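The file my_file39.cif comes next; it holds mmCIF, C-alpha atoms, pLDDT in the B column; chains and numbers go by the auth columns.
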data_my_file
#
loop_
_atom_site.group_PDB
_atom_site.id
_atom_site.type_symbol
_atom_site.label_atom_id
_atom_site.label_comp_id
_atom_site.label_asym_id
_atom_site.label_seq_id
_atom_site.Cartn_x
_atom_site.Cartn_y
_atom_site.Cartn_z
_atom_site.B_iso_or_equiv
_atom_site.auth_seq_id
_atom_site.auth_asym_id
ATOM 1 C CA MET A 1 -7.409 -10.007 59.748 48.00 18 A
ATOM 2 C CA ASN A 2 -6.209 -13.640 59.472 49.00 19 A
ATOM 3 C CA LYS A 3 -4.285 -12.835 56.292 55.00 20 A
ATOM 4 C CA ALA A 4 -2.505 -9.953 58.015 56.00 21 A
ATOM 5 C CA VAL A 5 -1.525 -12.231 60.896 56.00 22 A
ATOM 6 C CA GLY A 6 -0.175 -14.796 58.432 58.00 23 A
ATOM 7 C CA VAL A 7 1.825 -12.161 56.559 62.00 24 A
ATOM 8 C CA LYS A 8 3.337 -10.911 59.796 66.00 25 A
ATOM 9 C CA LYS A 9 4.343 -14.412 60.870 70.00 26 A
ATOM 10 C CA VAL A 10 6.163 -14.986 57.568 67.00 27 A
ATOM 11 C CA GLU A 11 7.930 -11.622 57.818 67.00 28 A
ATOM 12 C CA MET A 12 8.965 -12.341 61.408 67.00 29 A
ATOM 13 C CA SER A 13 10.313 -15.788 60.545 69.00 30 A
ATOM 14 C CA LEU A 14 12.468 -14.381 57.751 67.00 31 A
ATOM 15 C CA PHE A 15 13.833 -11.509 59.814 69.00 32 A
ATOM 16 C CA ASN A 16 14.614 -13.965 62.601 67.00 33 A
ATOM 17 C CA THR A 17 17.087 -15.442 60.111 70.00 34 A
ATOM 18 C CA VAL A 18 19.501 -12.791 61.268 74.00 35 A
ATOM 19 C CA GLU A 19 22.526 -13.887 59.260 77.00 36 A
ATOM 20 C CA GLY A 20 20.821 -13.598 55.881 74.00 37 A
ATOM 21 C CA PHE A 21 19.595 -10.086 56.517 77.00 38 A
ATOM 22 C CA ILE A 22 22.923 -8.891 57.918 81.00 39 A
ATOM 23 C CA GLN A 23 24.731 -10.158 54.816 78.00 40 A
ATOM 24 C CA TRP A 24 22.406 -8.025 52.697 73.00 41 A
ATOM 25 C CA GLU A 25 22.575 -5.023 55.027 81.00 42 A
ATOM 26 C CA GLU A 26 26.368 -5.075 55.162 79.00 43 A
ATOM 27 C CA GLY A 27 26.668 -5.514 51.406 77.00 44 A
ATOM 28 C CA PRO A 28 27.960 -2.688 49.211 75.00 45 A
ATOM 29 C CA TYR A 29 24.549 -1.542 47.952 77.00 46 A
ATOM 30 C CA TRP A 30 22.817 -0.882 51.269 82.00 47 A
ATOM 31 C CA THR A 31 26.044 0.294 52.910 84.00 48 A
ATOM 32 C CA ARG A 32 26.150 3.081 50.344 82.00 49 A
ATOM 33 C CA VAL A 33 22.590 4.178 51.148 85.00 50 A
ATOM 34 C CA GLN A 34 23.301 3.921 54.874 90.00 51 A
ATOM 35 C CA SER A 35 26.221 6.322 54.621 88.00 52 A
ATOM 36 C CA LYS A 36 23.838 9.066 53.462 86.00 53 A
ATOM 37 C CA LEU A 37 21.434 8.308 56.299 92.00 54 A
ATOM 38 C CA LYS A 38 24.214 8.429 58.881 94.00 55 A
ATOM 39 C CA ASP A 39 25.086 11.949 57.776 93.00 56 A
ATOM 40 C CA ARG A 40 21.420 12.968 58.120 92.00 57 A
ATOM 41 C CA VAL A 41 21.176 11.486 61.628 95.00 58 A
ATOM 42 C CA ARG A 42 24.406 13.131 62.788 93.00 59 A
ATOM 43 C CA SER A 43 23.268 16.549 61.620 91.00 60 A
ATOM 44 C CA GLY A 44 19.753 16.002 62.975 90.00 61 A
ATOM 45 C CA VAL A 45 20.860 15.290 66.548 91.00 62 A
ATOM 46 C CA ALA A 46 23.220 18.254 66.787 86.00 63 A
ATOM 47 C CA GLY A 47 22.199 20.016 69.982 85.00 64 A
ATOM 48 C CA PHE A 48 19.564 17.347 70.713 88.00 65 A
ATOM 49 C CA SER A 49 18.890 16.077 74.247 87.00 66 A
ATOM 50 C CA GLY A 50 15.454 14.408 74.226 93.00 67 A
ATOM 51 C CA THR A 51 14.226 10.838 73.637 96.00 68 A
ATOM 52 C CA PHE A 52 15.522 9.191 70.457 97.00 69 A
ATOM 53 C CA LEU A 53 13.606 6.181 69.134 98.00 70 A
ATOM 54 C CA GLU A 54 14.472 3.945 66.200 98.00 71 A
ATOM 55 C CA VAL A 55 11.525 1.814 65.125 98.00 72 A
ATOM 56 C CA GLY A 56 12.540 -1.458 63.453 95.00 73 A
ATOM 57 C CA CYS A 57 16.147 -0.953 64.474 95.00 74 A
ATOM 58 C CA GLY A 58 17.489 -4.391 63.512 91.00 75 A
ATOM 59 C CA LYS A 59 21.228 -4.450 64.176 92.00 76 A
ATOM 60 C CA SER A 60 21.351 -0.680 64.380 95.00 77 A
ATOM 61 C CA VAL A 61 24.181 1.393 62.978 94.00 78 A
ATOM 62 C CA PHE A 62 22.346 4.588 63.998 96.00 79 A
ATOM 63 C CA LEU A 63 21.832 4.230 67.746 96.00 80 A
ATOM 64 C CA PRO A 64 25.595 4.487 68.437 94.00 81 A
ATOM 65 C CA LEU A 65 25.677 7.786 66.526 93.00 82 A
ATOM 66 C CA VAL A 66 23.466 9.498 69.105 93.00 83 A
ATOM 67 C CA ARG A 67 25.053 8.013 72.226 90.00 84 A
ATOM 68 C CA ASP A 68 26.360 11.425 73.351 87.00 85 A
ATOM 69 C CA SER A 69 23.343 13.479 72.221 87.00 86 A
ATOM 70 C CA ALA A 70 20.088 11.930 73.398 85.00 87 A
ATOM 71 C CA ALA A 71 18.980 11.714 77.022 87.00 88 A
ATOM 72 C CA ASP A 72 17.188 8.420 76.282 93.00 89 A
ATOM 73 C CA ILE A 73 17.993 6.106 73.374 95.00 90 A
ATOM 74 C CA VAL A 74 15.560 3.322 72.520 97.00 91 A
ATOM 75 C CA GLY A 75 15.411 0.768 69.721 97.00 92 A
ATOM 76 C CA THR A 76 12.436 -1.440 68.906 97.00 93 A
ATOM 77 C CA ASP A 77 12.151 -4.447 66.648 94.00 94 A
ATOM 78 C CA ILE A 78 9.810 -7.372 66.129 90.00 95 A
ATOM 79 C CA SER A 79 12.794 -9.766 66.059 88.00 96 A
ATOM 80 C CA ILE A 80 14.345 -10.649 69.404 89.00 97 A
ATOM 81 C CA GLY A 81 17.365 -11.991 67.537 88.00 98 A
ATOM 82 C CA PHE A 82 18.196 -8.525 66.229 90.00 99 A
ATOM 83 C CA LEU A 83 17.555 -6.789 69.531 93.00 100 A
ATOM 84 C CA LYS A 84 20.175 -8.992 71.164 91.00 101 A
ATOM 85 C CA LEU A 85 22.771 -7.571 68.775 91.00 102 A
ATOM 86 C CA ASN A 86 22.400 -4.046 70.205 93.00 103 A
ATOM 87 C CA SER A 87 24.306 -3.493 73.430 87.00 104 A
ATOM 88 C CA GLY A 88 24.316 -0.403 75.607 87.00 105 A
ATOM 89 C CA PHE A 89 20.842 0.766 74.577 90.00 106 A
ATOM 90 C CA GLN A 90 17.287 0.241 75.742 94.00 107 A
ATOM 91 C CA CYS A 91 15.768 -2.350 73.409 95.00 108 A
ATOM 92 C CA VAL A 92 12.062 -3.140 73.277 96.00 109 A
ATOM 93 C CA LEU A 93 10.443 -6.094 71.528 94.00 110 A
ATOM 94 C CA ALA A 94 7.507 -4.435 69.770 94.00 111 A
ATOM 95 C CA ASP A 95 5.130 -4.604 66.827 93.00 112 A
ATOM 96 C CA ALA A 96 5.334 -1.339 64.871 95.00 113 A
ATOM 97 C CA GLU A 97 1.546 -1.369 64.423 95.00 114 A
ATOM 98 C CA HIS A 98 1.064 -1.307 68.221 95.00 115 A
ATOM 99 C CA LEU A 99 3.953 0.518 69.867 97.00 116 A
ATOM 100 C CA PRO A 100 4.102 0.287 73.688 97.00 117 A
ATOM 101 C CA PHE A 101 4.804 3.982 74.307 97.00 118 A
ATOM 102 C CA LYS A 102 2.803 6.872 75.709 97.00 119 A
ATOM 103 C CA ASP A 103 1.398 9.620 73.502 97.00 120 A
ATOM 104 C CA GLY A 104 3.901 12.352 72.682 97.00 121 A
ATOM 105 C CA CYS A 105 6.902 10.808 74.440 97.00 122 A
ATOM 106 C CA VAL A 106 9.384 10.733 71.535 97.00 123 A
ATOM 107 C CA ASN A 107 11.413 13.749 70.409 97.00 124 A
ATOM 108 C CA TYR A 108 13.359 12.214 67.517 97.00 125 A
ATOM 109 C CA LEU A 109 11.974 9.299 65.504 98.00 126 A
ATOM 110 C CA LEU A 110 14.002 7.248 63.042 98.00 127 A
ATOM 111 C CA CYS A 111 12.375 4.603 60.856 97.00 128 A
ATOM 112 C CA VAL A 112 14.467 2.980 58.133 96.00 129 A
ATOM 113 C CA GLY A 113 12.717 0.690 55.653 93.00 130 A
ATOM 114 C CA VAL A 114 10.044 -0.674 57.979 94.00 131 A
ATOM 115 C CA VAL A 115 6.677 0.576 56.721 94.00 132 A
ATOM 116 C CA HIS A 116 6.782 -1.437 53.473 91.00 133 A
ATOM 117 C CA HIS A 117 7.068 -4.692 55.482 90.00 134 A
ATOM 118 C CA VAL A 118 4.000 -4.036 57.661 90.00 135 A
ATOM 119 C CA PRO A 119 0.545 -5.398 56.706 89.00 136 A
ATOM 120 C CA ASN A 120 -1.388 -2.409 58.094 92.00 137 A
ATOM 121 C CA GLN A 121 0.806 0.478 56.996 94.00 138 A
ATOM 122 C CA ALA A 122 -1.741 3.194 57.809 96.00 139 A
ATOM 123 C CA GLN A 123 -1.991 1.875 61.369 96.00 140 A
ATOM 124 C CA MET A 124 1.786 1.988 61.765 96.00 141 A
ATOM 125 C CA LEU A 125 2.017 5.563 60.504 97.00 142 A
ATOM 126 C CA SER A 126 -0.769 6.526 62.892 97.00 143 A
ATOM 127 C CA GLU A 127 1.236 5.007 65.745 97.00 144 A
ATOM 128 C CA LEU A 128 4.359 6.949 64.759 97.00 145 A
ATOM 129 C CA SER A 129 2.361 10.153 64.845 97.00 146 A
ATOM 130 C CA ARG A 130 0.759 9.273 68.187 97.00 147 A
ATOM 131 C CA ILE A 131 4.002 8.684 70.078 98.00 148 A
ATOM 132 C CA THR A 132 5.827 11.783 68.823 97.00 149 A
ATOM 133 C CA ALA A 133 5.779 15.072 70.693 97.00 150 A
ATOM 134 C CA LYS A 134 5.074 18.451 69.136 95.00 151 A
ATOM 135 C CA SER A 135 8.225 19.748 67.392 95.00 152 A
ATOM 136 C CA ALA A 136 9.595 16.181 67.290 96.00 153 A
ATOM 137 C CA ARG A 137 11.946 15.466 64.420 96.00 154 A
ATOM 138 C CA ILE A 138 11.426 12.529 62.095 97.00 155 A
ATOM 139 C CA LEU A 139 13.555 10.754 59.521 97.00 156 A
ATOM 140 C CA MET A 140 12.120 7.937 57.388 96.00 157 A
ATOM 141 C CA ILE A 141 13.229 6.128 54.256 94.00 158 A
ATOM 142 C CA GLU A 142 11.137 3.740 52.160 93.00 159 A
ATOM 143 C CA PRO A 143 11.096 2.255 48.637 89.00 160 A
ATOM 144 C CA HIS A 144 8.426 3.964 46.570 87.00 161 A
ATOM 145 C CA LYS A 145 6.064 3.220 43.699 81.00 162 A
ATOM 146 C CA THR A 146 7.407 5.663 41.127 77.00 163 A
ATOM 147 C CA SER A 147 10.866 4.146 41.499 81.00 164 A
ATOM 148 C CA LEU A 148 12.894 2.654 38.672 73.00 165 A
ATOM 149 C CA ASN A 149 13.134 -0.323 41.023 77.00 166 A
ATOM 150 C CA TYR A 150 9.366 -0.894 40.947 78.00 167 A
ATOM 151 C CA PRO A 151 9.469 -3.058 37.749 80.00 168 A
ATOM 152 C CA TYR A 152 11.974 -5.324 39.515 79.00 169 A
ATOM 153 C CA TRP A 153 9.534 -5.714 42.394 81.00 170 A
ATOM 154 C CA LEU A 154 6.695 -6.567 39.972 85.00 171 A
ATOM 155 C CA LEU A 155 8.885 -9.127 38.199 86.00 172 A
ATOM 156 C CA ARG A 156 9.760 -10.684 41.516 85.00 173 A
ATOM 157 C CA ARG A 157 6.064 -10.999 42.382 87.00 174 A
ATOM 158 C CA ILE A 158 5.450 -12.786 39.083 91.00 175 A
ATOM 159 C CA LEU A 159 8.381 -15.157 39.645 91.00 176 A
ATOM 160 C CA ILE A 160 7.109 -15.990 43.128 90.00 177 A
ATOM 161 C CA ARG A 161 3.831 -17.129 41.568 91.00 178 A
ATOM 162 C CA LEU A 162 5.587 -19.081 38.810 93.00 179 A
ATOM 163 C CA VAL A 163 8.457 -20.823 40.605 93.00 180 A
ATOM 164 C CA GLY A 164 7.738 -20.292 44.295 91.00 181 A
ATOM 165 C CA TRP A 165 9.258 -18.131 47.001 86.00 182 A
ATOM 166 C CA GLU A 166 12.075 -20.499 47.967 86.00 183 A
ATOM 167 C CA LYS A 167 13.501 -20.479 44.432 89.00 184 A
ATOM 168 C CA VAL A 168 13.298 -16.693 44.203 86.00 185 A
ATOM 169 C CA LEU A 169 14.952 -16.356 47.614 81.00 186 A
ATOM 170 C CA SER A 170 17.859 -18.537 46.502 82.00 187 A
ATOM 171 C CA ILE A 171 18.478 -16.098 43.636 78.00 188 A
ATOM 172 C CA ILE A 172 18.148 -12.759 45.420 77.00 189 A
ATOM 173 C CA GLY A 173 19.913 -13.747 48.647 73.00 190 A
ATOM 174 C CA PHE A 174 17.498 -12.072 51.060 74.00 191 A
ATOM 175 C CA GLY A 175 14.018 -10.626 50.889 76.00 192 A
ATOM 176 C CA THR A 176 10.459 -11.130 52.041 80.00 193 A
ATOM 177 C CA PRO A 177 7.568 -12.210 49.810 81.00 194 A
ATOM 178 C CA TYR A 178 4.991 -9.708 51.049 81.00 195 A
ATOM 179 C CA GLU A 179 6.924 -6.446 51.109 83.00 196 A
ATOM 180 C CA THR A 180 5.356 -3.649 49.071 84.00 197 A
ATOM 181 C CA PHE A 181 6.335 -0.263 47.683 84.00 198 A
ATOM 182 C CA ILE A 182 4.629 2.823 49.082 88.00 199 A
ATOM 183 C CA SER A 183 3.929 6.312 47.786 88.00 200 A
ATOM 184 C CA LYS A 184 4.878 9.740 49.054 87.00 201 A
ATOM 185 C CA LYS A 185 1.170 10.654 49.080 90.00 202 A
ATOM 186 C CA PHE A 186 0.285 7.653 51.235 93.00 203 A
ATOM 187 C CA VAL A 187 2.869 8.569 53.865 93.00 204 A
ATOM 188 C CA THR A 188 1.998 12.254 54.012 90.00 205 A
ATOM 189 C CA GLN A 189 -1.728 11.485 54.267 92.00 206 A
ATOM 190 C CA ASN A 190 -1.350 8.969 57.097 94.00 207 A
ATOM 191 C CA LEU A 191 1.508 10.477 59.081 94.00 208 A
ATOM 192 C CA LYS A 192 -0.584 13.195 60.669 91.00 209 A
ATOM 193 C CA GLY A 193 0.715 16.507 61.929 94.00 210 A
ATOM 194 C CA PHE A 194 4.136 16.594 60.266 96.00 211 A
ATOM 195 C CA ALA A 195 5.665 19.097 57.864 95.00 212 A
ATOM 196 C CA LEU A 196 7.859 16.919 55.659 94.00 213 A
ATOM 197 C CA THR A 197 10.430 17.423 52.943 93.00 214 A
ATOM 198 C CA VAL A 198 11.243 14.647 50.504 89.00 215 A
ATOM 199 C CA SER A 199 14.535 13.575 48.945 88.00 216 A
ATOM 200 C CA TYR A 200 15.146 10.766 46.470 86.00 217 A
ATOM 201 C CA TYR A 201 18.053 8.323 46.594 83.00 218 A
ATOM 202 C CA SER A 202 19.561 5.602 44.467 82.00 219 A
ATOM 203 C CA PRO A 203 17.937 5.833 40.994 77.00 220 A
ATOM 204 C CA PHE A 204 19.727 2.682 39.873 74.00 221 A
ATOM 205 C CA ARG A 205 19.735 -0.437 41.988 71.00 222 A
ATOM 206 C CA GLY A 206 22.074 -3.174 40.875 66.00 223 A
ATOM 207 C CA LEU A 207 20.765 -6.703 40.524 63.00 224 A
ATOM 208 C CA PRO A 208 20.244 -8.381 43.915 62.00 225 A
ATOM 209 C CA GLY A 209 21.943 -11.439 45.339 61.00 226 A
ATOM 210 C CA PRO A 210 25.517 -12.516 46.023 61.00 227 A
ATOM 211 C CA THR A 211 26.168 -13.357 42.356 60.00 228 A
ATOM 212 C CA PHE A 212 25.949 -9.696 41.368 61.00 229 A
ATOM 213 C CA ALA A 213 27.663 -8.186 44.432 66.00 230 A
ATOM 214 C CA LYS A 214 30.934 -7.753 42.527 70.00 231 A
ATOM 215 C CA PHE A 215 29.200 -5.294 40.200 71.00 232 A
ATOM 216 C CA ALA A 216 28.161 -2.992 43.084 72.00 233 A
ATOM 217 C CA PRO A 217 30.970 -0.451 42.441 77.00 234 A
ATOM 218 C CA ILE A 218 29.667 -0.018 38.890 80.00 235 A
ATOM 219 C CA SER A 219 26.136 0.485 40.230 78.00 236 A
ATOM 220 C CA GLY A 220 27.527 3.124 42.585 78.00 237 A
ATOM 221 C CA LEU A 221 29.118 5.034 39.716 83.00 238 A
ATOM 222 C CA ILE A 222 25.851 4.886 37.754 82.00 239 A
ATOM 223 C CA ASN A 223 23.972 6.215 40.781 80.00 240 A
ATOM 224 C CA ASP A 224 26.445 9.063 41.269 83.00 241 A
ATOM 225 C CA PHE A 225 25.784 10.157 37.702 86.00 242 A
ATOM 226 C CA LEU A 226 21.994 9.694 37.706 83.00 243 A
ATOM 227 C CA GLU A 227 21.531 11.510 41.017 83.00 244 A
ATOM 228 C CA LYS A 228 22.865 14.663 39.347 86.00 245 A
ATOM 229 C CA LEU A 229 19.871 14.631 36.980 86.00 246 A
ATOM 230 C CA PRO A 230 16.760 15.994 38.776 82.00 247 A
ATOM 231 C CA LEU A 231 14.179 14.126 36.680 81.00 248 A
ATOM 232 C CA ILE A 232 16.005 10.823 37.069 83.00 249 A
ATOM 233 C CA ARG A 233 16.734 11.395 40.761 81.00 250 A
ATOM 234 C CA ALA A 234 12.979 11.660 41.350 79.00 251 A
ATOM 235 C CA LEU A 235 12.735 8.028 40.195 80.00 252 A
ATOM 236 C CA GLY A 236 15.142 6.926 42.913 82.00 253 A
ATOM 237 C CA THR A 237 14.575 3.615 44.659 84.00 254 A
ATOM 238 C CA TYR A 238 14.047 5.341 47.995 89.00 255 A
ATOM 239 C CA ILE A 239 12.199 8.378 49.261 90.00 256 A
ATOM 240 C CA LEU A 240 13.645 9.981 52.355 92.00 257 A
ATOM 241 C CA LEU A 241 11.126 11.966 54.371 94.00 258 A
ATOM 242 C CA GLU A 242 12.256 14.280 57.139 95.00 259 A
ATOM 243 C CA GLY A 243 10.761 17.138 59.069 95.00 260 A
ATOM 244 C CA SER A 244 9.130 18.179 62.327 95.00 261 A
ATOM 245 C CA LYS A 245 5.764 17.660 63.964 96.00 262 A
ATOM 246 C CA ILE A 246 3.807 20.898 63.835 94.00 263 A
ATOM 247 C CA CYS A 247 0.622 19.848 65.642 86.00 264 A
#

Final structure tokens representation of the file:
Amino acid sequence: MNKAVGVKKVEMSLFNTVEGFIQWEEGPYWTRVQSKLKDRVRSGVAGFSGTFLEVGCGKSVFLPLVRDSAADIVGTDISIGFLKLNSGFQCVLADAEHLPFKDGCVNYLLCVGVVHHVPNQAQMLSELSRITAKSARILMIEPHKTSLNYPYWLLRRILIRLVGWEKVLSIIGFGTPYETFISKKFVTQNLKGFALTVSYYSPFRGLPGPTFAKFAPISGLINDFLEKLPLIRALGTYILLEGSKIC
């Protein structure tokens, strides 16, 4: 329990460094992934009029997309600094493991890259299931363990032990020391009541950090090629899970 609290405090302190995360999020690599997600959100809210919730919204690029579709639009985050960057929407300071919403009150749930930062991931997934209504739509994306990016994550863990987190952070530009990769099986087992389909994105992730940002267009071209190959695409950095709650 104490370890989990410590992990969460470190994660919160790093995400409260808003500028560092925004530089990463607005960089060419994540911008490319985001463009695919935006298309999914736009198509998913066509004809939608219920409650739309983004868990771990950060400085959201998705909430504005549903401004004219959802009756209620809500974003939550554990960082008050990020919530202040979202104007025109209901924003709630909340821990994703203990969401302050009634059972079955959400009709569309969006969760982008949050689960792998949470100490008790099963608890968070249970919360997402609890707050969603029957027939609610869900869209999630997470880095996963069969990814080609997983060796990079393992190497980073080794470097943290050898040279310390601060040195590693200076190289990669932004990150958190405790984030983990998850599996498709783990999500489907703990996100109860949903019928989900899975897509894979971004088989090749370029090297992180500002030093390598200029090579992002090359990484994009490599991804465009690799995503045409089914076996390689299944090793993509991210799994995207989407579907509806059936019970």

Subject >> Nearest to Leu142 (chain A) by atom-to-atom distance, counting only C-alpha atoms, from A:Gly105, A:Pro160, A:Pro168, A:Gly210 >> reply: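 Smallest separation from Leu142 (chain A) among the options: A:Gly210.
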
**OP:** Take the PyMOL selection byres ((chain A and resi 162) around 12), apply it to the structure above, and return the hits as a list of chain:residue names.
**Re:**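 Evaluating the PyMOL selection byres ((chain A and resi 162) around 12) on these coordinates yields A:His133, A:Glu159, A:Pro160, A:His161, A:Thr163, A:Ser164, A:Leu165, A:Asn166, A:Tyr167, A:Pro168, A:Tyr169, A:Trp170, A:Leu171, A:Thr197, A:Phe198, A:Ile199, A:Ser200, A:Lys201, A:Lys202, A:Phe203, A:Val204, A:Ala251, A:Leu252, A:Gly253, A:Thr254, A:Tyr255, A:Ile256.
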
Subject >> Selection result for the PyMOL selection byres ((chain A and resi 41-55) around 9) on this file, as a PyMOL selection string >> reply: chain A and resi 36-40+56-60+78-79+82+129+156+158+190-192+218-219+222-223+226-227+230-231+233-234+236-237+257

Which neighbours of region 144-154 of chain A fall inside 7 Å, counting only C-alpha atoms, when residues of the same chain fewer than 5 positions from it are skipped, and could you give them as a tab-separated table (two decimals) with C-alpha atoms, in the frame of the given file?
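File written: selection_20.tsv
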chain	number	residue	atom	x	y	z
A	114	GLU	CA	1.55	-1.37	64.42
A	115	HIS	CA	1.06	-1.31	68.22
A	116	LEU	CA	3.95	0.52	69.87
A	118	PHE	CA	4.80	3.98	74.31
A	119	LYS	CA	2.80	6.87	75.71
A	120	ASP	CA	1.40	9.62	73.50
A	121	GLY	CA	3.90	12.35	72.68
A	122	CYS	CA	6.90	10.81	74.44
A	123	VAL	CA	9.38	10.73	71.54
A	124	ASN	CA	11.41	13.75	70.41
A	125	TYR	CA	13.36	12.21	67.52
A	126	LEU	CA	11.97	9.30	65.50
A	208	LEU	CA	1.51	10.48	59.08
A	209	LYS	CA	-0.58	13.20	60.67
A	260	GLY	CA	10.76	17.14	59.07
A	261	SER	CA	9.13	18.18	62.33
A	262	LYS	CA	5.76	17.66	63.96
A	263	ILE	CA	3.81	20.90	63.84
A	264	CYS	CA	0.62	19.85	65.64

**OP:** To one decimal in Å, tell me the separation between CA of Trp182 (chain A) and CA of Pro194 (chain A).
**Re:**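 Between CA of Trp182 (chain A) and CA of Pro194 (chain A) the gap is 6.8 Å.
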
Original post:
Between A:Gly75, A:Gly61, A:Pro220, A:Pro81, which has the minimum distance to Arg250 (chain A) (counting all atoms listed in the file)?
Top reply: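 Result for the nearest residue to Arg250 (chain A): A:Pro220.
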
Original post:
Taking all atoms listed in the file into account, which of A:Ser143, A:Leu100, A:Cys128, A:Ser77 comes nearest Asn207 (chain A)?
Top reply: A:Ser143

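Checking A:Gln206, A:Thr193, A:Arg173, A:Tyr217 one by one against Gln138 (chain A), counting all atoms listed in the file, you find the shortest gap at A:Gln206.
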